[in-house]
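**Q** So here's input33.cif (mmCIF, C-alpha atoms).
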```
data_protein
#
loop_
_atom_site.label_atom_id
_atom_site.label_comp_id
_atom_site.auth_asym_id
_atom_site.auth_seq_id
_atom_site.Cartn_x
_atom_site.Cartn_y
_atom_site.Cartn_z
CA MET T 672 6.31 -40.44 25.83
CA MET T 673 5.23 -37.82 23.31
CA SER T 674 1.81 -38.00 21.67
CA CYS T 675 1.23 -37.50 17.95
CA HIS T 676 -0.78 -34.35 18.76
CA GLU T 677 2.15 -32.81 20.67
CA CYS T 678 4.56 -33.83 17.94
CA ASP T 679 2.34 -32.36 15.21
CA ALA T 680 2.71 -28.86 16.66
CA LEU T 681 6.49 -29.05 16.25
CA LEU T 682 6.79 -30.60 12.80
CA GLU T 683 7.22 -27.24 11.02
CA ALA T 684 10.12 -26.38 13.32
CA VAL T 685 11.68 -29.76 12.51
CA ALA T 686 11.11 -29.17 8.79
CA VAL T 687 13.07 -25.89 8.79
CA GLY T 688 15.83 -27.35 10.95
CA ASP T 689 15.11 -25.40 14.16
CA ASP T 690 16.30 -26.79 17.45
CA VAL T 691 13.64 -29.11 18.84
CA PRO T 692 13.81 -31.55 21.75
CA GLU T 693 15.31 -34.91 20.81
CA VAL T 694 12.11 -36.59 21.91
CA VAL T 695 10.34 -35.10 18.90
CA ARG T 696 12.81 -36.62 16.45
CA ALA T 697 12.62 -39.93 18.30
CA HIS T 698 8.82 -39.90 18.01
CA VAL T 699 8.93 -39.12 14.29
CA THR T 700 11.38 -41.96 13.71
CA GLY T 701 9.07 -44.44 15.38
CA CYS T 702 5.72 -43.15 14.11
CA PRO T 703 4.88 -43.66 10.40
CA GLN T 704 2.00 -41.15 10.56
CA CYS T 705 4.13 -38.35 11.97
CA ALA T 706 6.96 -39.27 9.60
CA ALA T 707 4.58 -38.84 6.65
CA ARG T 708 3.41 -35.52 8.07
CA LEU T 709 6.99 -34.38 8.44
CA ARG T 710 7.69 -35.28 4.81
CA LEU T 711 4.68 -33.21 3.77
CA ALA T 712 5.87 -30.32 5.96
CA GLN T 713 9.29 -30.51 4.29
CA ARG T 714 7.75 -30.54 0.82
CA ILE T 715 5.62 -27.52 1.74
CA GLU T 716 8.72 -25.75 3.06
CA HIS T 717 10.54 -26.47 -0.19
CA ALA T 718 7.58 -25.39 -2.31
CA LEU T 719 7.20 -22.15 -0.36
CA SER T 720 10.86 -21.26 -0.64
CA SER T 721 10.89 -21.89 -4.38
CA ARG T 722 7.68 -20.13 -5.36
CA ALA T 723 7.95 -18.13 -8.55
CA VAL T 724 8.25 -14.37 -8.26
CA VAL T 725 6.11 -12.36 -10.68
CA PRO T 726 8.46 -9.95 -12.45
CA ALA T 727 7.48 -6.33 -13.02
CA PRO T 728 6.78 -5.68 -16.71
CA PRO T 729 9.29 -3.53 -18.63
CA GLY T 730 8.51 0.16 -18.38
CA PHE T 731 6.55 -0.27 -15.18
CA ALA T 732 8.23 2.72 -13.48
CA THR T 733 7.31 4.91 -16.47
CA THR T 734 3.67 3.79 -16.25
CA VAL T 735 3.58 4.57 -12.53
CA LEU T 736 5.17 7.98 -13.08
CA ALA T 737 2.59 8.77 -15.75
CA ARG T 738 -0.20 7.95 -13.27
CA VAL T 739 1.48 10.03 -10.58
CA ARG T 740 1.80 12.98 -12.97
CA ARG T 741 -1.84 12.64 -13.98
CA GLU T 742 -2.86 12.68 -10.33
CA ARG T 743 -0.60 15.67 -9.62
CA TRP T 744 -2.04 17.48 -12.64
CA ARG T 745 -5.57 16.86 -11.37
CA THR T 746 -4.62 18.25 -7.95
CA GLU T 747 -3.07 21.31 -9.56
CA GLN T 748 -6.18 21.77 -11.70
CA LEU T 749 -8.28 21.70 -8.56
CA LEU T 750 -6.02 24.26 -6.90
CA ASP T 751 -6.15 26.45 -10.00
CA TRP T 752 -9.93 26.29 -10.02
CA GLY T 753 -10.01 27.17 -6.36
CA PHE T 754 -7.61 30.02 -6.95
CA ASN T 755 -9.67 31.33 -9.85
CA ALA T 756 -12.82 31.09 -7.78
CA PHE T 757 -11.17 33.09 -4.99
CA VAL T 758 -9.97 35.73 -7.45
CA GLY T 759 -13.43 35.87 -8.97
CA ILE T 760 -15.04 36.38 -5.57
CA GLY T 761 -12.46 39.00 -4.62
CA VAL T 762 -12.85 40.95 -7.84
CA SER T 763 -16.64 40.70 -7.60
CA LEU T 764 -16.53 42.14 -4.09
CA VAL T 765 -14.31 44.99 -5.21
CA ILE T 766 -16.63 45.74 -8.13
CA LEU T 767 -19.64 45.57 -5.82
CA GLY T 768 -17.87 47.98 -3.49
CA ILE T 769 -17.19 50.40 -6.31
CA VAL T 770 -20.75 50.14 -7.60
CA GLY T 771 -22.03 50.67 -4.08
CA LEU T 772 -19.80 53.69 -3.76
CA VAL T 773 -21.05 55.09 -7.02
CA TYR T 774 -24.68 54.62 -6.01
CA ALA T 775 -24.06 56.01 -2.57
CA SER T 776 -22.47 59.11 -4.00
CA GLY T 777 -25.46 59.64 -6.30
CA VAL T 778 -23.28 59.76 -9.39
CA VAL T 779 -25.55 57.58 -11.47
CA VAL T 780 -28.56 59.71 -10.73
CA LEU T 781 -26.87 63.01 -11.29
CA SER T 782 -25.29 62.34 -14.61
CA ARG T 783 -24.85 59.71 -17.25
CA ASP T 784 -21.76 61.47 -18.39
CA ILE T 785 -18.84 59.38 -17.21
CA TYR T 786 -16.49 62.36 -16.87
CA ALA T 787 -18.98 64.19 -14.76
CA ALA T 788 -19.48 61.09 -12.69
CA PHE T 789 -15.75 60.76 -12.00
CA ASP T 790 -15.64 64.43 -11.08
CA LEU T 791 -18.42 63.99 -8.58
CA VAL T 792 -16.87 60.83 -7.17
CA ALA T 793 -13.61 62.63 -6.63
CA LYS T 794 -15.39 65.43 -4.76
CA SER T 795 -17.45 63.23 -2.53
CA ALA T 796 -14.93 60.39 -2.14
CA THR T 797 -13.51 61.50 1.16
CA THR T 798 -16.90 61.43 2.83
CA THR T 799 -18.44 58.37 1.18
CA VAL T 800 -15.47 56.01 1.03
CA ALA T 801 -15.68 55.59 4.76
CA ASN T 802 -19.19 54.05 4.40
CA GLN T 803 -18.04 51.44 1.86
CA ALA T 804 -14.62 50.88 3.34
CA PRO T 805 -15.43 47.56 5.14
CA THR T 806 -16.69 45.95 1.92
CA MET T 807 -13.69 47.12 -0.03
CA VAL T 808 -11.25 46.10 2.67
CA MET T 809 -12.84 42.64 2.80
CA GLY T 810 -12.55 42.33 -0.96
CA MET T 811 -8.92 43.39 -0.89
CA LEU T 812 -8.14 41.01 1.96
CA LEU T 813 -9.71 38.10 0.08
CA LEU T 814 -7.72 39.04 -2.99
CA MET T 815 -4.49 39.20 -0.99
CA LEU T 816 -5.28 35.91 0.72
CA THR T 817 -5.81 34.30 -2.66
CA LEU T 818 -2.55 35.70 -3.97
CA GLY T 819 -0.83 34.49 -0.81
CA ILE T 820 -2.16 30.95 -1.26
CA TRP T 821 -1.12 31.00 -4.91
CA TRP T 822 2.41 32.14 -3.94
CA TRP T 823 2.61 29.42 -1.27
CA VAL T 824 1.51 26.71 -3.67
CA GLU T 825 4.04 27.85 -6.24
CA GLN T 826 6.77 27.75 -3.59
CA GLU T 827 5.77 24.16 -2.63
CA ASP T 828 5.95 23.04 -6.24
CA ALA T 829 9.28 24.68 -6.95
CA PRO T 830 11.98 22.10 -7.80
CA ILE T 831 14.75 21.77 -5.27
CA MET O 1286 21.30 9.07 -7.90
CA SER O 1287 21.76 5.45 -6.85
CA GLY O 1288 24.19 6.62 -4.15
CA LEU O 1289 21.42 8.37 -2.24
CA SER O 1290 20.46 7.09 1.17
CA GLU O 1291 16.87 6.00 1.70
CA GLN O 1292 16.12 9.19 3.64
CA GLN O 1293 17.63 11.40 0.94
CA LEU O 1294 15.65 9.59 -1.71
CA ILE O 1295 12.43 10.11 0.22
CA GLU O 1296 13.22 13.79 0.74
CA ARG O 1297 13.74 14.25 -2.98
CA CYS O 1298 10.49 12.42 -3.73
CA ARG O 1299 8.68 14.70 -1.30
CA HIS O 1300 9.96 17.71 -3.20
CA GLY O 1301 8.46 16.41 -6.42
CA ASP O 1302 11.64 14.97 -7.94
CA ASP O 1303 10.25 12.52 -10.51
CA GLU O 1304 13.58 10.83 -11.10
CA ALA O 1305 13.89 10.11 -7.38
CA PHE O 1306 10.41 8.60 -7.38
CA ARG O 1307 11.32 6.52 -10.43
CA GLU O 1308 14.29 5.17 -8.48
CA LEU O 1309 12.06 4.41 -5.52
CA VAL O 1310 9.71 2.48 -7.82
CA ASP O 1311 12.63 0.57 -9.32
CA GLN O 1312 13.93 -0.28 -5.85
CA GLN O 1313 10.63 -1.51 -4.47
CA LYS O 1314 8.85 -3.02 -7.49
CA ARG O 1315 10.40 -6.48 -7.08
CA LEU O 1316 9.13 -6.77 -3.52
CA ILE O 1317 5.70 -5.42 -4.42
CA PHE O 1318 5.21 -7.64 -7.45
CA ALA O 1319 6.40 -10.67 -5.52
CA LEU O 1320 4.01 -10.01 -2.65
CA ILE O 1321 1.02 -9.18 -4.82
CA GLY O 1322 1.80 -11.94 -7.31
CA ARG O 1323 1.75 -14.44 -4.49
CA SER O 1324 -1.41 -13.09 -2.93
CA VAL O 1325 -3.69 -12.49 -5.90
CA SER O 1326 -4.78 -15.37 -8.08
CA ASN O 1327 -5.74 -13.20 -11.06
CA PRO O 1328 -2.49 -12.32 -12.90
CA ALA O 1329 -4.21 -9.47 -14.74
CA ARG O 1330 -4.81 -7.68 -11.45
CA VAL O 1331 -1.21 -7.85 -10.27
CA GLU O 1332 0.08 -4.86 -12.23
CA GLU O 1333 -3.02 -2.77 -11.48
CA LEU O 1334 -2.63 -3.43 -7.76
CA ALA O 1335 1.10 -2.72 -7.91
CA GLN O 1336 0.31 0.65 -9.49
CA GLU O 1337 -2.26 1.29 -6.78
CA VAL O 1338 0.37 0.55 -4.14
CA PHE O 1339 2.79 3.05 -5.66
CA LEU O 1340 0.08 5.70 -5.89
CA ARG O 1341 -0.56 5.19 -2.18
CA VAL O 1342 3.17 5.38 -1.54
CA TYR O 1343 3.29 8.67 -3.47
CA ARG O 1344 0.32 10.10 -1.56
CA GLY O 1345 1.71 8.89 1.75
CA LEU O 1346 5.26 10.18 1.33
CA PRO O 1347 4.59 13.51 3.07
CA TYR O 1348 3.43 11.56 6.13
CA PHE O 1349 6.18 8.92 6.16
CA ARG O 1350 8.30 9.70 9.22
CA GLY O 1351 11.15 7.39 8.37
CA GLU O 1352 10.95 5.50 11.67
CA SER O 1353 10.96 2.18 9.82
CA LYS O 1354 12.55 1.00 6.60
CA ILE O 1355 10.64 2.01 3.52
CA SER O 1356 10.21 -1.66 2.55
CA THR O 1357 8.42 -2.24 5.86
CA TRP O 1358 6.08 0.66 5.20
CA VAL O 1359 5.49 -0.55 1.65
CA PHE O 1360 4.76 -4.06 2.95
CA ARG O 1361 2.03 -2.58 5.14
CA ILE O 1362 0.53 -0.72 2.20
CA VAL O 1363 0.57 -3.93 0.14
CA ALA O 1364 -1.21 -5.73 2.98
CA ASN O 1365 -3.93 -3.06 2.98
CA VAL O 1366 -4.34 -3.19 -0.79
CA ILE O 1367 -4.56 -6.98 -0.75
CA ALA O 1368 -7.05 -6.89 2.12
CA ALA O 1369 -9.24 -4.56 0.06
CA GLU O 1370 -8.87 -6.83 -2.96
CA ARG O 1371 -9.86 -10.00 -1.12
CA LYS O 1372 -13.26 -11.25 -2.13
CA PRO O 1373 -15.75 -10.82 0.71
CA GLY O 1374 -17.15 -14.30 0.09
CA LEU O 1375 -13.76 -15.98 0.11
CA ASN O 1376 -13.83 -19.13 2.16
CA ALA O 1377 -10.97 -18.00 4.40
CA ILE O 1378 -10.26 -19.84 7.62
CA SER O 1379 -10.69 -17.77 10.73
CA LEU O 1380 -7.93 -17.85 13.31
CA ASP O 1381 -10.60 -18.96 15.78
CA ASP O 1382 -11.85 -21.80 13.60
CA PRO O 1383 -11.18 -25.33 14.75
CA GLN O 1384 -8.47 -27.00 12.75
CA PRO O 1385 -9.57 -28.95 9.68
CA GLU O 1386 -10.84 -32.45 10.23
CA ARG O 1387 -8.04 -34.96 10.10
CA ASP O 1388 -9.78 -38.28 10.02
CA SER O 1389 -8.06 -39.37 6.85
CA PRO O 1390 -4.56 -40.73 7.15
CA PRO O 1391 -1.73 -38.51 5.87
CA ILE O 1392 -0.83 -39.08 2.27
CA ASP O 1393 2.58 -40.37 1.43
CA PRO O 1394 3.31 -39.02 -2.05
CA GLY O 1395 6.23 -41.37 -2.48
CA ALA O 1396 4.06 -43.79 -4.40
CA LEU O 1397 2.95 -41.13 -6.88
CA ASP O 1398 4.93 -39.79 -9.73
CA ARG O 1399 7.19 -37.22 -8.02
CA ALA O 1400 7.06 -34.48 -10.65
CA TYR O 1401 3.30 -34.61 -10.97
CA ALA O 1402 2.94 -34.77 -7.21
CA ASP O 1403 5.07 -31.65 -6.83
CA PHE O 1404 3.04 -29.85 -9.46
CA GLU O 1405 -0.17 -30.86 -7.76
CA LEU O 1406 1.17 -29.86 -4.38
CA ARG O 1407 2.14 -26.40 -5.64
CA ASP O 1408 -1.27 -25.91 -7.20
CA ARG O 1409 -3.06 -26.95 -4.03
CA LEU O 1410 -0.66 -24.97 -1.91
CA GLU O 1411 -1.50 -21.74 -3.78
CA LYS O 1412 -5.19 -22.39 -3.21
CA ALA O 1413 -4.60 -23.20 0.44
CA ILE O 1414 -2.58 -19.99 0.94
CA GLU O 1415 -5.54 -18.02 -0.41
CA ARG O 1416 -7.67 -19.55 2.34
CA LEU O 1417 -5.33 -18.49 5.12
CA PRO O 1418 -6.27 -15.55 7.33
CA LEU O 1419 -4.75 -12.38 5.85
CA ALA O 1420 -2.09 -11.96 8.55
CA TYR O 1421 -0.88 -15.54 8.03
CA GLN O 1422 -1.04 -15.14 4.28
CA MET O 1423 1.12 -12.02 4.39
CA LEU O 1424 3.60 -13.76 6.66
CA VAL O 1425 3.91 -16.77 4.37
CA ASN O 1426 4.15 -14.58 1.27
CA GLY O 1427 6.62 -12.15 2.78
CA HIS O 1428 8.87 -14.50 4.72
CA TYR O 1429 10.48 -16.19 1.74
CA LEU O 1430 11.31 -12.96 -0.06
CA GLU O 1431 14.80 -11.61 -0.08
CA GLY O 1432 15.13 -8.36 1.80
CA LEU O 1433 12.34 -8.94 4.29
CA ARG O 1434 13.56 -9.97 7.70
CA TYR O 1435 11.59 -11.14 10.73
CA GLU O 1436 11.98 -7.61 12.15
CA ASP O 1437 10.42 -6.08 9.03
CA LEU O 1438 7.51 -8.49 9.11
CA ALA O 1439 7.01 -7.82 12.82
CA THR O 1440 6.95 -4.05 12.29
CA ALA O 1441 4.75 -4.23 9.23
CA LEU O 1442 2.21 -6.53 10.83
CA ASN O 1443 2.45 -4.83 14.22
CA LEU O 1444 3.43 -8.05 15.98
CA PRO O 1445 6.15 -8.75 18.53
CA MET O 1446 9.23 -10.38 17.01
CA GLY O 1447 8.75 -13.68 18.83
CA THR O 1448 5.16 -13.88 17.71
CA VAL O 1449 6.12 -13.65 14.04
CA LYS O 1450 8.03 -16.93 14.13
CA THR O 1451 5.28 -18.66 16.10
CA HIS O 1452 2.62 -17.39 13.71
CA LEU O 1453 4.70 -18.47 10.74
CA HIS O 1454 4.91 -22.02 12.10
CA ARG O 1455 1.18 -21.98 12.80
CA ALA O 1456 0.45 -20.73 9.29
CA LYS O 1457 2.52 -23.52 7.76
CA ARG O 1458 0.91 -26.07 10.05
CA LEU O 1459 -2.49 -24.82 8.93
CA LEU O 1460 -1.37 -25.16 5.33
CA ARG O 1461 -0.21 -28.68 5.94
CA GLN O 1462 -3.49 -29.61 7.58
CA LEU O 1463 -5.44 -28.08 4.70
CA LEU O 1464 -3.33 -30.02 2.21
CA GLU O 1465 -3.68 -33.26 4.17
CA THR O 1466 -7.45 -32.88 4.11
CA ASP O 1467 -7.41 -31.81 0.49
CA LEU O 1468 -5.09 -34.54 -0.75
CA GLY O 1469 -6.84 -37.10 1.40
CA ALA O 1470 -10.21 -36.16 -0.06
CA SER O 1471 -8.96 -36.32 -3.64
CA SER O 1472 -7.19 -39.64 -3.36
#
```
Let me see the structure of the file written as structure tokens.
**A**
Amino acid sequence: MMSCHECDALLEAVAVGDDVPEVVRAHVTGCPQCAARLRLAQRIEHALSSRAVVPAPPGFATTVLARVRRERWRTEQLLDWGFNAFVGIGVSLVILGIVGLVYASGVVVLSRDIYAAFDLVAKSATTTVANQAPTMVMGMLLLMLTLGIWWWVEQEDAPI
Amino acid sequence: MSGLSEQQLIERCRHGDDEAFRELVDQQKRLIFALIGRSVSNPARVEELAQEVFLRVYRGLPYFRGESKISTWVFRIVANVIAAERKPGLNAISLDDPQPERDSPPIDPGALDRAYADFELRDRLEKAIERLPLAYQMLVNGHYLEGLRYEDLATALNLPMGTVKTHLHRAKRLLRQLLETDLGASS
């Protein structure tokens, strides 16, 4: 003899037409409470399977693409800013290196004449460049790294 | 482009092909709108959330390994978006909660006007679905949609196949019990 509690757990299976023991159907037939519950389960099943589907508005894909493009543009802007910052740092280091070289060679002290300064730099370059070489090399490396990143990003964005 | 396989479409999207992504949106929008439309009571939020889902899809494409169908992956994203959207104070039933009180006798709607009763049932059903635990809610909302099979639901919700059917029955039983209490209280 099946109890109402046991039967209750199987009413949803009965409502969708799953295989259930015959004793369940027999109980439902003889029990007005469980029969009413089964009717409710069947109405719920019907209501669930016929729920309205919200349609996508016309032009939805275009709206989404516009948002995606905006997001992509923002990312590219960020990359561009980063790239510019790297270039700026690289160029600044190179300029600092050159200025350091000029000061180290004494050009600024010796003459304000730019031609004379270049002449002196050329003469003393071989001996003084070595002192400033690490700074300049670092600057150049940063610049090359930046250019490398830029090239890589451009490759990633290239259409197939 | 419609002849592309799912994997080819994803590859093209990954390479920034906007037309491929448009096709992906067109393919998946019905499922996404149906799921969100059934899970969110505010119709104004449905399109916003659908857009959010597609933005997450776009961001996630580089990491999608293609081990499941894209609709399964999308279903999971929708579940996350809906979980984030759910009001913290919502009176949702916990899976550990005792079942609703059932002192009142079940209502036989046969005596009521059938059309009105159906309308009322649908209205109450929507409210009851909102009170279901999220996993149950997603099961109920996803199960009746074309194109989502038990396997997809199982993968998306990280449940064994057999458990999906059991949970679906439990979810519907919970709905019935909520409606019995609700209809009983209002009669």
**Q** With chain T as the partner and 8 Å as the cut-off, tabulate the residues of chain O that qualify, each row holding the nearest pair of atoms and their distance in Å to one decimal, using all atoms listed in the file, sorted by chain and rising number, as JSON lines.
**A**
```
{"residue": "O:Arg1297", "atom": "CA", "partner": "T:Ile831", "partner_atom": "CA", "distance": 7.9}
{"residue": "O:His1300", "atom": "CA", "partner": "T:Ile831", "partner_atom": "CA", "distance": 6.6}
{"residue": "O:Gly1301", "atom": "CA", "partner": "T:Pro830", "partner_atom": "CA", "distance": 6.8}
{"residue": "O:Asp1302", "atom": "CA", "partner": "T:Pro830", "partner_atom": "CA", "distance": 7.1}
{"residue": "O:Asp1303", "atom": "CA", "partner": "T:Leu736", "partner_atom": "CA", "distance": 7.3}
{"residue": "O:Phe1306", "atom": "CA", "partner": "T:Leu736", "partner_atom": "CA", "distance": 7.8}
{"residue": "O:Arg1307", "atom": "CA", "partner": "T:Ala732", "partner_atom": "CA", "distance": 5.8}
{"residue": "O:Val1310", "atom": "CA", "partner": "T:Ala732", "partner_atom": "CA", "distance": 5.9}
{"residue": "O:Asp1311", "atom": "CA", "partner": "T:Ala732", "partner_atom": "CA", "distance": 6.4}
{"residue": "O:Lys1314", "atom": "CA", "partner": "T:Ala727", "partner_atom": "CA", "distance": 6.6}
{"residue": "O:Arg1315", "atom": "CA", "partner": "T:Ala727", "partner_atom": "CA", "distance": 6.6}
{"residue": "O:Phe1318", "atom": "CA", "partner": "T:Val725", "partner_atom": "CA", "distance": 5.8}
{"residue": "O:Ala1319", "atom": "CA", "partner": "T:Val724", "partner_atom": "CA", "distance": 5.0}
{"residue": "O:Gly1322", "atom": "CA", "partner": "T:Val725", "partner_atom": "CA", "distance": 5.5}
{"residue": "O:Arg1323", "atom": "CA", "partner": "T:Val724", "partner_atom": "CA", "distance": 7.5}
{"residue": "O:Glu1332", "atom": "CA", "partner": "T:Ala727", "partner_atom": "CA", "distance": 7.6}
{"residue": "O:Gln1336", "atom": "CA", "partner": "T:Val735", "partner_atom": "CA", "distance": 5.9}
{"residue": "O:Phe1339", "atom": "CA", "partner": "T:Val735", "partner_atom": "CA", "distance": 7.1}
{"residue": "O:Leu1340", "atom": "CA", "partner": "T:Val739", "partner_atom": "CA", "distance": 6.5}
{"residue": "O:Tyr1343", "atom": "CA", "partner": "T:Val739", "partner_atom": "CA", "distance": 7.5}
{"residue": "O:Pro1390", "atom": "CA", "partner": "T:Gln704", "partner_atom": "CA", "distance": 7.4}
{"residue": "O:Pro1391", "atom": "CA", "partner": "T:Arg708", "partner_atom": "CA", "distance": 6.3}
{"residue": "O:Ile1392", "atom": "CA", "partner": "T:Ala707", "partner_atom": "CA", "distance": 7.0}
{"residue": "O:Asp1393", "atom": "CA", "partner": "T:Ala707", "partner_atom": "CA", "distance": 5.8}
{"residue": "O:Leu1406", "atom": "CA", "partner": "T:Ile715", "partner_atom": "CA", "distance": 7.9}
{"residue": "O:Arg1407", "atom": "CA", "partner": "T:Ala718", "partner_atom": "CA", "distance": 6.5}
{"residue": "O:Leu1410", "atom": "CA", "partner": "T:Ile715", "partner_atom": "CA", "distance": 7.7}
{"residue": "O:Val1425", "atom": "CA", "partner": "T:Leu719", "partner_atom": "CA", "distance": 7.9}
{"residue": "O:Tyr1429", "atom": "CA", "partner": "T:Ser720", "partner_atom": "CA", "distance": 5.6}
{"residue": "O:His1454", "atom": "CA", "partner": "T:Glu683", "partner_atom": "CA", "distance": 5.8}
{"residue": "O:Lys1457", "atom": "CA", "partner": "T:Glu683", "partner_atom": "CA", "distance": 6.8}
{"residue": "O:Arg1458", "atom": "CA", "partner": "T:Glu683", "partner_atom": "CA", "distance": 6.5}
{"residue": "O:Arg1461", "atom": "CA", "partner": "T:Ala712", "partner_atom": "CA", "distance": 6.3}
```
**Q** Report the centre and edge lengths, in Å to one decimal, of an axis-aligned box enclosing every atom of segment 1458-1466 of chain O listed in the file, padded by 5 Å on each side, as lines of an AutoDock Vina configuration file.
**A**
```
center_x = -3.3
center_y = -29.0
center_z = 6.1
size_x = 18.4
size_y = 18.4
size_z = 17.8
```
**Q** Can you list, as a VMD selection string, the residues that the PyMOL selection byres ((chain O and resi 1334) around 9) selects here?
**A** chain O and resid 1318 1321 1330 to 1333 1335 to 1339 1363 1366 to 1367 1370
**Q** I need the residue set behind the PyMOL selection byres ((chain O and resi 1420) around 12) for this file; please write it as a ChimeraX atom specification.
**A** /O:1324,1360-1361,1363-1365,1367-1368,1377-1380,1414-1419,1421-1428,1438-1439,1441-1444,1448-1449,1452-1453,1455-1456
**Q** Mind pulling up the distance from atom CA of Thr700 of chain T to atom CA of Val685 of chain T?
**A** 12.3 Å
**Q** How many Å lie between atom CA of Val694 of chain T and atom CA of Gln1462 of chain O, rounded to one decimal?
**A**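 The value is 22.3 Å.
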**Q** One decimal, Å: what's the distance from atom CA of Val762 of chain T over to atom CA of Met807 of chain T, could you say?
**A**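 These atoms are spaced 10.0 Å apart.
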**Q** Within 9 Å of Met811 of chain T, counting only C-alpha atoms, which residues show up once you throw out same-chain ones fewer than 2 positions away? Write them as a list in words, please.
**A**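 Those residues are Gly761, Val762, Leu764, Val765, Thr806, Met807, Val808, Met809, Leu813, Leu814, Met815 and Leu816 of chain T.
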**Q** Considering all atoms listed in the file, can you say which of T:Leu750, T:Ala793, T:Val699, T:Ile820 comes closest to Ser674 of chain T?
**A** T:Val699
**Q** Can you list, as a VMD selection string, the residues that the PyMOL selection byres ((chain T and resi 802) around 12) selects here?
**A** chain T and resid 768 to 769 771 to 776 795 to 801 803 to 808
**Q** Next, the residues of the selection above should be written as a short mmCIF file (atom, residue, chain, number, x, y, z; two decimals), in the coordinates of the input with C-alpha atoms.
**A**
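File out_3.cif, as written:
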```cif
data_model
loop_
_atom_site.label_atom_id
_atom_site.label_comp_id
_atom_site.auth_asym_id
_atom_site.auth_seq_id
_atom_site.Cartn_x
_atom_site.Cartn_y
_atom_site.Cartn_z
CA GLY T 768 -17.87 47.98 -3.49
CA ILE T 769 -17.19 50.40 -6.31
CA GLY T 771 -22.03 50.67 -4.08
CA LEU T 772 -19.80 53.69 -3.76
CA VAL T 773 -21.05 55.09 -7.02
CA TYR T 774 -24.68 54.62 -6.01
CA ALA T 775 -24.06 56.01 -2.57
CA SER T 776 -22.47 59.11 -4.00
CA SER T 795 -17.45 63.23 -2.53
CA ALA T 796 -14.93 60.39 -2.14
CA THR T 797 -13.51 61.50 1.16
CA THR T 798 -16.90 61.43 2.83
CA THR T 799 -18.44 58.37 1.18
CA VAL T 800 -15.47 56.01 1.03
CA ALA T 801 -15.68 55.59 4.76
CA GLN T 803 -18.04 51.44 1.86
CA ALA T 804 -14.62 50.88 3.34
CA PRO T 805 -15.43 47.56 5.14
CA THR T 806 -16.69 45.95 1.92
CA MET T 807 -13.69 47.12 -0.03
CA VAL T 808 -11.25 46.10 2.67
#
```
**Q** Measuring atom to atom with all atoms listed in the file, identify which of O:Tyr1435, O:Met1446, O:Leu1460, O:Gln1292 is nearest to Gly1351 of chain O.
**A**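 Once distances to Gly1351 of chain O are computed over all atoms listed in the file, the minimum belongs to O:Gln1292.
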